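S.K.: Structure file work.cif (mmCIF, C-alpha atoms and all ligand atoms) is given on the next line.
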```cif
data_my_file
loop_
_atom_site.label_atom_id
_atom_site.label_comp_id
_atom_site.auth_asym_id
_atom_site.auth_seq_id
_atom_site.Cartn_x
_atom_site.Cartn_y
_atom_site.Cartn_z
CA MET A 7 45.57 -54.14 -25.20
CA LYS A 8 46.23 -51.36 -27.65
CA LEU A 9 43.14 -49.30 -28.43
CA THR A 10 43.03 -48.26 -32.07
CA ARG A 11 41.54 -44.96 -33.15
CA ARG A 12 38.67 -46.71 -34.88
CA ASP A 13 37.87 -48.92 -31.86
CA PHE A 14 37.89 -45.89 -29.64
CA ILE A 15 35.53 -43.87 -31.83
CA LYS A 16 33.22 -46.83 -32.32
CA LYS A 17 32.99 -47.41 -28.58
CA SER A 18 32.40 -43.75 -27.86
CA LEU A 19 29.66 -43.54 -30.46
CA PHE A 20 27.88 -46.68 -29.31
CA LEU A 21 27.92 -45.48 -25.74
CA SER A 22 26.39 -42.19 -26.80
CA GLY A 23 23.27 -43.81 -28.20
CA SER A 24 20.76 -41.21 -29.39
CA LEU A 25 20.88 -39.12 -32.54
CA LEU A 26 21.63 -35.98 -30.56
CA LEU A 27 24.44 -37.59 -28.65
CA SER A 28 26.97 -35.47 -26.84
CA PRO A 29 30.31 -34.64 -28.45
CA ILE A 30 32.96 -37.30 -28.50
CA SER A 31 36.02 -36.56 -26.44
CA ILE A 32 39.26 -37.86 -27.86
CA HIS A 33 42.16 -38.84 -25.69
CA ALA A 34 45.39 -37.17 -26.76
CA ALA A 35 47.16 -40.50 -27.12
CA VAL A 36 44.50 -41.70 -29.50
CA LYS A 37 44.59 -38.46 -31.46
CA LYS A 38 48.25 -39.13 -32.22
CA GLU A 39 47.31 -42.27 -34.12
CA ILE A 40 44.94 -40.45 -36.43
CA GLU A 41 46.21 -40.15 -39.96
CA TRP A 42 43.10 -39.32 -41.90
CA ILE A 43 39.54 -39.09 -40.70
CA PRO A 44 36.45 -37.93 -42.58
CA ALA A 45 35.49 -34.31 -42.15
CA TYR A 46 32.11 -35.18 -40.60
CA GLU A 47 33.84 -37.30 -37.97
CA LYS A 48 35.96 -34.34 -36.91
CA LEU A 49 32.86 -32.16 -36.75
CA GLU A 50 31.19 -34.74 -34.53
CA MET A 51 34.22 -34.74 -32.22
CA GLU A 52 33.85 -30.98 -31.97
CA GLY A 53 30.20 -31.46 -31.02
CA LYS A 54 28.89 -29.58 -34.04
CA LEU A 55 27.44 -32.20 -36.35
CA ALA A 56 24.12 -32.66 -34.54
CA GLN A 57 23.44 -28.94 -34.77
CA ARG A 58 24.12 -28.97 -38.51
CA VAL A 59 21.69 -31.84 -38.97
CA LYS A 60 19.04 -29.86 -37.08
CA GLN A 61 19.75 -26.72 -39.03
CA ALA A 62 19.50 -28.56 -42.33
CA TYR A 63 16.33 -30.38 -41.34
CA ALA A 64 14.61 -27.12 -40.37
CA MET A 65 14.91 -26.04 -43.99
CA PHE A 66 12.34 -28.60 -45.05
CA GLU A 67 9.62 -26.41 -43.50
CA ASN A 68 10.12 -23.66 -46.03
CA CYS A 69 12.27 -25.37 -48.61
CA GLN A 70 15.07 -23.15 -49.82
CA LEU A 71 17.56 -25.96 -50.22
CA CYS A 72 18.43 -24.93 -53.74
CA PRO A 73 18.30 -21.81 -55.90
CA ARG A 74 14.72 -22.65 -56.98
CA ARG A 75 13.69 -21.57 -53.46
CA CYS A 76 10.20 -23.03 -53.74
CA GLY A 77 9.27 -22.28 -50.13
CA VAL A 78 7.11 -25.40 -49.82
CA ASN A 79 6.67 -27.20 -46.51
CA ARG A 80 8.13 -30.62 -47.20
CA GLN A 81 7.54 -31.59 -43.55
CA LYS A 82 3.84 -31.45 -44.40
CA GLY A 83 4.20 -33.37 -47.64
CA GLU A 84 4.20 -30.40 -50.00
CA LYS A 85 6.36 -30.78 -53.08
CA GLY A 86 8.33 -28.17 -54.97
CA PHE A 87 9.99 -28.05 -58.37
CA CYS A 88 12.10 -31.15 -57.70
CA GLN A 89 9.01 -33.18 -56.69
CA ALA A 90 10.98 -34.73 -53.84
CA PRO A 91 9.10 -35.92 -50.75
CA LEU A 92 10.40 -35.52 -47.20
CA LYS A 93 12.21 -38.85 -47.08
CA PRO A 94 14.89 -39.79 -49.60
CA VAL A 95 14.00 -41.77 -52.69
CA ILE A 96 16.81 -44.03 -53.87
CA PHE A 97 17.12 -45.59 -57.28
CA SER A 98 20.16 -47.74 -56.58
CA HIS A 99 23.31 -48.12 -54.55
CA HIS A 100 26.36 -50.09 -55.63
CA PRO A 101 30.11 -49.93 -56.22
CA HIS A 102 30.52 -47.83 -59.36
CA PHE A 103 33.47 -48.30 -61.71
CA GLY A 104 32.58 -45.63 -64.25
CA GLU A 105 33.64 -42.58 -62.24
CA GLU A 106 37.01 -40.81 -62.19
CA MET A 107 39.90 -43.22 -61.51
CA SER A 108 40.81 -41.60 -58.21
CA LEU A 109 37.27 -42.25 -56.94
CA VAL A 110 37.02 -45.77 -58.32
CA GLY A 111 40.35 -47.25 -57.22
CA GLY A 112 40.33 -51.03 -57.08
CA LYS A 113 37.03 -51.56 -55.25
CA GLY A 114 34.76 -48.92 -56.74
CA SER A 115 33.09 -45.70 -55.70
CA GLY A 116 30.22 -46.41 -53.28
CA THR A 117 27.52 -44.72 -55.28
CA ILE A 118 24.01 -43.89 -54.12
CA PHE A 119 21.66 -42.56 -56.81
CA PHE A 120 19.01 -40.26 -55.43
CA SER A 121 15.80 -39.90 -57.41
CA ASN A 122 14.37 -36.50 -58.43
CA CYS A 123 16.46 -33.44 -59.27
CA ASN A 124 16.40 -29.71 -58.73
CA LEU A 125 17.91 -28.85 -62.13
CA ARG A 126 16.29 -31.21 -64.65
CA CYS A 127 18.25 -30.76 -67.86
CA ILE A 128 16.46 -31.76 -71.04
CA PHE A 129 19.45 -33.91 -72.12
CA CYS A 130 19.71 -35.81 -68.83
CA GLN A 131 21.13 -39.32 -69.19
CA ASN A 132 19.39 -40.42 -66.00
CA TRP A 133 16.00 -38.96 -66.83
CA PRO A 134 13.87 -41.87 -65.54
CA ILE A 135 15.48 -41.29 -62.14
CA SER A 136 15.83 -37.52 -62.09
CA HIS A 137 12.75 -36.42 -64.01
CA GLU A 138 10.32 -39.21 -63.30
CA GLY A 139 11.50 -39.92 -59.78
CA ARG A 140 11.72 -43.68 -60.19
CA GLY A 141 13.01 -45.32 -57.05
CA LYS A 142 12.02 -46.37 -53.58
CA GLU A 143 11.31 -44.10 -50.65
CA ILE A 144 13.32 -45.14 -47.62
CA GLN A 145 14.09 -44.03 -44.08
CA GLU A 146 17.34 -42.39 -43.12
CA GLU A 147 18.35 -45.45 -41.07
CA ASP A 148 18.15 -47.43 -44.32
CA LEU A 149 20.28 -44.85 -46.06
CA ALA A 150 22.85 -45.15 -43.28
CA ASP A 151 22.83 -48.95 -43.72
CA MET A 152 23.44 -48.52 -47.45
CA MET A 153 26.49 -46.39 -46.69
CA LEU A 154 27.80 -49.04 -44.32
CA LYS A 155 27.13 -51.81 -46.81
CA LEU A 156 29.14 -49.96 -49.47
CA GLN A 157 31.93 -49.52 -46.95
CA SER A 158 31.88 -53.22 -46.09
CA MET A 159 32.22 -53.99 -49.81
CA GLY A 160 35.50 -52.09 -49.83
CA CYS A 161 34.33 -48.94 -51.64
CA HIS A 162 36.64 -45.97 -51.29
CA ASN A 163 34.02 -43.31 -50.69
CA ILE A 164 30.30 -42.62 -50.44
CA ASN A 165 29.35 -41.00 -53.74
CA LEU A 166 26.08 -39.10 -53.35
CA VAL A 167 24.62 -38.54 -56.80
CA THR A 168 22.19 -35.59 -57.02
CA PRO A 169 22.23 -34.83 -53.31
CA THR A 170 20.99 -31.23 -53.24
CA HIS A 171 17.29 -31.76 -52.55
CA VAL A 172 17.98 -34.48 -49.95
CA MET A 173 20.92 -32.88 -48.19
CA PRO A 174 19.28 -32.89 -44.72
CA ASN A 175 18.45 -36.60 -45.06
CA ILE A 176 22.04 -37.29 -46.08
CA LEU A 177 23.43 -35.42 -43.09
CA ASN A 178 21.20 -37.29 -40.69
CA ALA A 179 22.01 -40.65 -42.30
CA THR A 180 25.72 -39.87 -42.24
CA ARG A 181 25.56 -39.24 -38.51
CA ILE A 182 23.67 -42.45 -37.91
CA ALA A 183 26.20 -44.34 -40.02
CA LEU A 184 29.08 -42.66 -38.22
CA LYS A 185 27.75 -44.05 -34.97
CA LYS A 186 28.00 -47.49 -36.52
CA GLY A 187 31.52 -47.03 -37.87
CA LEU A 188 31.34 -45.18 -41.20
CA HIS A 189 34.81 -44.00 -42.07
CA LEU A 190 34.77 -42.95 -45.73
CA PRO A 191 34.85 -39.54 -47.39
CA LEU A 192 31.56 -38.17 -48.67
CA VAL A 193 31.58 -37.23 -52.34
CA TYR A 194 29.04 -34.51 -53.02
CA ASN A 195 28.26 -35.29 -56.65
CA THR A 196 26.14 -32.33 -57.69
CA SER A 197 24.93 -30.56 -60.81
CA GLY A 198 26.49 -27.50 -59.23
CA TYR A 199 23.13 -25.76 -58.90
CA GLU A 200 23.68 -25.00 -55.24
CA ARG A 201 22.99 -22.02 -53.02
CA LEU A 202 26.08 -20.53 -51.44
CA GLU A 203 24.45 -20.63 -47.99
CA ILE A 204 23.80 -24.34 -48.34
CA VAL A 205 27.37 -25.10 -49.38
CA LYS A 206 28.53 -23.15 -46.33
CA LEU A 207 26.39 -25.40 -44.17
CA LEU A 208 28.30 -28.38 -45.55
CA ASP A 209 31.62 -26.94 -44.46
CA GLY A 210 33.38 -29.55 -42.34
CA ILE A 211 31.09 -32.37 -43.47
CA VAL A 212 31.98 -33.02 -47.10
CA ASP A 213 35.50 -34.03 -48.05
CA ILE A 214 35.16 -34.24 -51.81
CA TYR A 215 33.04 -31.91 -53.90
CA LEU A 216 32.28 -33.16 -57.40
CA PRO A 217 30.30 -30.36 -59.04
CA ASP A 218 29.43 -29.91 -62.70
CA LEU A 219 29.82 -26.57 -64.34
CA LYS A 220 27.54 -27.13 -67.31
CA TYR A 221 27.11 -23.74 -68.93
CA MET A 222 28.62 -20.29 -68.83
CA ASP A 223 25.76 -18.60 -70.64
CA VAL A 224 22.48 -17.65 -68.96
CA GLU A 225 20.35 -18.26 -72.04
CA LYS A 226 21.68 -21.76 -72.60
CA ALA A 227 21.19 -22.58 -68.92
CA ALA A 228 17.60 -21.36 -69.03
CA LYS A 229 16.86 -23.16 -72.28
CA TYR A 230 18.29 -26.54 -71.42
CA SER A 231 17.84 -26.63 -67.65
CA ALA A 232 14.26 -25.67 -66.97
CA GLY A 233 14.61 -21.91 -66.77
CA ALA A 234 17.68 -21.90 -64.49
CA SER A 235 19.13 -18.71 -65.95
CA ASP A 236 21.03 -18.07 -62.72
CA TYR A 237 22.91 -21.37 -63.08
CA PRO A 238 26.26 -19.91 -64.24
CA GLU A 239 26.31 -17.26 -61.54
CA VAL A 240 25.26 -19.40 -58.58
CA THR A 241 27.33 -22.40 -59.61
CA LYS A 242 30.50 -20.36 -59.93
CA LYS A 243 29.93 -18.92 -56.44
CA ALA A 244 29.25 -22.39 -55.05
CA ILE A 245 32.45 -23.79 -56.58
CA ILE A 246 34.55 -20.95 -55.18
CA GLU A 247 33.17 -21.78 -51.73
CA MET A 248 33.80 -25.51 -52.23
CA ASN A 249 37.39 -24.72 -53.12
CA ARG A 250 37.73 -22.51 -50.05
CA GLN A 251 36.59 -25.41 -47.86
CA VAL A 252 38.49 -28.37 -49.25
CA GLY A 253 40.99 -26.95 -51.75
CA VAL A 254 42.82 -28.75 -54.50
CA LEU A 255 42.31 -32.50 -54.79
CA ARG A 256 44.49 -34.64 -52.55
CA LEU A 257 45.15 -38.34 -53.10
CA ASP A 258 46.39 -40.95 -50.67
CA LYS A 259 49.42 -43.15 -51.32
CA GLN A 260 47.33 -45.50 -53.42
CA GLY A 261 46.07 -42.66 -55.63
CA ILE A 262 42.62 -42.57 -54.07
CA ALA A 263 40.92 -39.21 -53.63
CA ILE A 264 40.58 -38.17 -50.00
CA ARG A 265 39.75 -34.47 -50.11
CA GLY A 266 39.31 -31.63 -52.58
CA VAL A 267 37.30 -30.30 -55.49
CA MET A 268 36.86 -32.18 -58.75
CA ILE A 269 35.04 -30.18 -61.42
CA ARG A 270 33.24 -31.84 -64.29
CA HIS A 271 32.45 -30.14 -67.56
CA LEU A 272 30.60 -31.93 -70.33
CA VAL A 273 31.54 -30.72 -73.80
CA MET A 274 28.36 -30.16 -75.79
CA PRO A 275 27.76 -29.82 -79.53
CA ASN A 276 28.02 -26.38 -81.13
CA ARG A 277 29.89 -24.94 -78.14
CA VAL A 278 26.69 -24.86 -76.10
CA ALA A 279 28.57 -25.49 -72.84
CA GLY A 280 30.84 -22.45 -73.31
CA THR A 281 33.94 -24.53 -72.75
CA GLU A 282 36.49 -21.83 -73.54
CA LYS A 283 34.87 -19.48 -71.03
CA PHE A 284 34.72 -22.32 -68.52
CA VAL A 285 38.42 -23.18 -68.60
CA LYS A 286 39.34 -19.48 -68.61
CA TRP A 287 37.19 -18.93 -65.54
CA VAL A 288 38.73 -21.87 -63.68
CA ALA A 289 42.26 -20.77 -64.59
CA GLU A 290 41.65 -17.18 -63.50
CA THR A 291 39.61 -17.92 -60.38
CA LEU A 292 40.90 -21.14 -58.85
CA PRO A 293 44.35 -22.67 -58.52
CA LYS A 294 45.70 -23.76 -61.89
CA ASN A 295 46.09 -27.30 -60.54
CA THR A 296 42.38 -27.62 -59.79
CA TYR A 297 41.23 -31.04 -60.94
CA VAL A 298 39.11 -30.64 -64.06
CA ASN A 299 37.42 -33.40 -66.00
CA ILE A 300 36.53 -32.29 -69.52
CA MET A 301 34.13 -34.99 -70.57
CA ALA A 302 33.61 -36.27 -74.10
CA GLN A 303 30.61 -38.50 -73.47
CA TYR A 304 27.72 -36.24 -74.42
CA ARG A 305 24.99 -38.23 -76.09
CA VAL A 306 21.50 -37.32 -77.25
CA GLU A 307 19.07 -38.29 -74.51
CA TYR A 308 15.56 -37.60 -73.33
CA LYS A 309 14.22 -34.40 -74.97
CA ALA A 310 17.47 -33.34 -76.60
CA TYR A 311 16.18 -34.72 -79.89
CA ASP A 312 13.77 -31.74 -80.01
CA TYR A 313 16.62 -29.20 -79.94
CA PRO A 314 18.62 -29.26 -83.21
CA GLU A 315 21.60 -27.50 -81.65
CA ILE A 316 22.24 -30.42 -79.28
CA ALA A 317 20.61 -33.26 -81.22
CA ARG A 318 23.92 -34.94 -82.09
CA GLY A 319 27.03 -36.19 -80.33
CA ILE A 320 30.16 -34.06 -80.25
CA THR A 321 32.80 -34.27 -82.95
CA THR A 322 36.42 -35.16 -82.40
CA GLN A 323 37.29 -31.59 -83.26
CA GLU A 324 34.92 -30.24 -80.59
CA PHE A 325 36.57 -32.36 -77.93
CA LEU A 326 40.09 -31.54 -79.06
CA GLU A 327 39.47 -27.80 -79.10
CA ALA A 328 38.12 -28.08 -75.53
CA MET A 329 41.31 -29.79 -74.38
CA GLU A 330 43.44 -27.28 -76.27
CA TRP A 331 41.68 -24.40 -74.50
CA ALA A 332 42.32 -26.07 -71.15
CA GLU A 333 46.01 -26.21 -71.90
CA LYS A 334 46.11 -22.74 -73.42
CA TYR A 335 44.72 -21.24 -70.21
CA GLY A 336 47.20 -23.21 -68.13
CA LEU A 337 45.16 -25.90 -66.36
CA THR A 338 47.61 -28.48 -65.12
CA ASN A 339 45.45 -31.14 -63.47
CA LEU A 340 43.20 -32.53 -66.17
CA ASP A 341 41.48 -35.86 -65.71
CA PRO A 342 43.86 -38.59 -66.95
CA GLN A 343 41.13 -40.33 -68.93
CA SER A 344 40.31 -37.11 -70.82
CA VAL A 345 44.00 -36.71 -71.56
CA ALA A 346 44.13 -40.32 -72.79
CA VAL A 347 41.14 -39.73 -75.09
CA ARG A 348 42.81 -36.60 -76.46
CA ASN A 349 46.04 -38.51 -77.08
CA PHE A 350 44.12 -41.27 -78.80
CA TYR A 351 42.44 -38.78 -81.16
CA HIS A 352 45.77 -37.10 -81.87
CA HIS A 353 47.30 -40.47 -82.64
CA ARG A 354 44.51 -41.26 -85.11
CA ARG A 355 44.95 -38.02 -87.05
S1 LIG B 401 15.06 -28.66 -53.10
FE1 LIG B 401 13.22 -28.97 -54.33
S2 LIG B 401 11.53 -28.09 -53.13
FE2 LIG B 401 13.46 -27.35 -52.25
S3 LIG B 401 13.85 -25.39 -53.21
FE3 LIG B 401 14.92 -26.90 -54.44
S4 LIG B 401 13.50 -27.55 -56.04
FE4 LIG B 401 12.32 -26.48 -54.47
#
```
Would you write out, as structure tokens, the structure that this file holds?
M.R.:
Amino acid sequence: MKLTRRDFIKKSLFLSGSLLLSPISIHAAVKKEIEWIPAYEKLEMEGKLAQRVKQAYAMFENCQLCPRRCGVNRQKGEKGFCQAPLKPVIFSHHPHFGEEMSLVGGKGSGTIFFSNCNLRCIFCQNWPISHEGRGKEIQEEDLADMMLKLQSMGCHNINLVTPTHVMPNILNATRIALKKGLHLPLVYNTSGYERLEIVKLLDGIVDIYLPDLKYMDVEKAAKYSAGASDYPEVTKKAIIEMNRQVGVLRLDKQGIAIRGVMIRHLVMPNRVAGTEKFVKWVAETLPKNTYVNIMAQYRVEYKAYDYPEIARGITTQEFLEAMEWAEKYGLTNLDPQSVAVRNFYHHRR
């Protein structure tokens, strides 16, 4: 009977048993059959994933998981700026059809919304989840089961929304799920407010990075994201590292994203987001065909009503100038939906 790659890995993992199981050895004949496998699966085969989980988990003792660097001991129940406990709090998990087309495909992006947030923007659209921490605390085994459920529903990836403060939990859950047959790319769907050292720890685990780059100006970042004046600097460094790891976005034959960086940038009223600087930075720093989604869907949410500069939606002109800048600086891989919106506005003129 022919042994498929998936059968082989599944059997190897089941035999291994414990969380700190020994590396999986792959027979050369089986290796030949491998077309695409998730990054974390390769790392497990190399015997390195368990160590990464340990390394990440140790950070809970003196939490420096994000640039806030609170230093609290989350193992002992202390809470830092993000207010996250030791175990992950989940608001929901389901196939999501509102993400970029290459993530959604025909069956949806397998999205898991984590509660709490390390950035906490005053215009957050998910504020009950991110600011108020609404959701249910679960164990990592449950998180692994959620991943597997999304996979069984046909989702094309595991889309981890706001993962930064729960990264160690995610790594552990991923390894547990891998033992039970998880075979989807992880999408690290982050605000971008990431420490370089932490992104380095994710090297060889994450296949798709989906960071925001929200602002280019320190004062705007501090004003609208809870004092995070270092946001532009640290996020740019993080994105450069993400690009080093996974490179330009790659799609499979069906047009589904399998690996790479996808950058999101939300156009804000009154040029608050610094869009021209943003596209110039991408064009000068990363490959010109870096996938960039210039988003038009800013809306006034949460406390944004208290800040006149951002207390309105964007105008057609503000979106069009953003797209024109992207083209002027030579970006060649803009999100197709953004391009369609631009074409629609042009058509209406
Ligand atoms: S993850 Fe939370 S507790 Fe840890 S450094 Fe960041 S904000 Fe502080």
S.K.: Which residues are near A:Val240? Cut-off 12 Å, all atoms listed in the file, ignore same chain within fewer than 3 positions. Put them as a VMD selection string.
M.R.: chain A and resid 72 to 74 197 to 205 219 to 222 224 227 234 to 237 243 to 247
S.K.: Select the residues contacting ligand LIG 401 (chain B) at a distance of at most 6 Å, based on all atoms listed in the file, then format the selection as a ChimeraX atom specification.
M.R.: /A:69-72,74-76,85-88,124,171
S.K.: Sorted by chain and rising residue number, which residues of stretch 299-324 of chain A lie within 7 Å of stretch 128-143 of chain A, and what are their closest atom pairs and distances in Å to one decimal, counting only C-alpha atoms, as JSON lines?
M.R.:
```
{"residue": "A:Val306", "atom": "CA", "partner": "A:Phe129", "partner_atom": "CA", "distance": 6.5}
{"residue": "A:Glu307", "atom": "CA", "partner": "A:Phe129", "partner_atom": "CA", "distance": 5.0}
{"residue": "A:Tyr308", "atom": "CA", "partner": "A:Phe129", "partner_atom": "CA", "distance": 5.5}
{"residue": "A:Lys309", "atom": "CA", "partner": "A:Ile128", "partner_atom": "CA", "distance": 5.2}
{"residue": "A:Ala310", "atom": "CA", "partner": "A:Phe129", "partner_atom": "CA", "distance": 4.9}
```
S.K.: For a quick check of understanding, using all atoms listed in the file, which of A:Arg354, A:Arg126, A:Lys54, A:Lys113 has the smallest distance to A:Gly160?
M.R.: A:Lys113
S.K.: Which of these residues is nearest to A:Phe119, using only C-alpha atoms: A:Arg348, A:Lys226, A:Arg58, A:His100?
M.R.: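 Among the listed residues, A:His100 lies closest to A:Phe119.
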S.K.: Using only C-alpha atoms, which residues sit within 12 Å of A:Val110 once same-chain residues fewer than 6 positions away are excluded, as JSON, numbers by chain?
M.R.: {"A": [100, 101, 102, 103, 104, 116, 117, 160, 161, 162, 163, 164, 165, 193, 260, 261, 262, 263, 264]}
S.K.: Neighbouring residues of A:Cys127 were defined as those with any atom within 7 Å, considering all atoms listed in the file; residues of the same chain fewer than 3 positions away were excluded. Please report them as a list in words.
M.R.: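 With the cut-off at 7 Å, the set is Cys130, Tyr230, Ser231 and Ala232 of chain A.
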S.K.: With only C-alpha atoms as the basis for distance, which of A:Leu177, A:Val347, A:Val59, A:Ala332 is at the shortest distance from A:Val212?
M.R.: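 Closest to A:Val212 of all the choices is A:Leu177.
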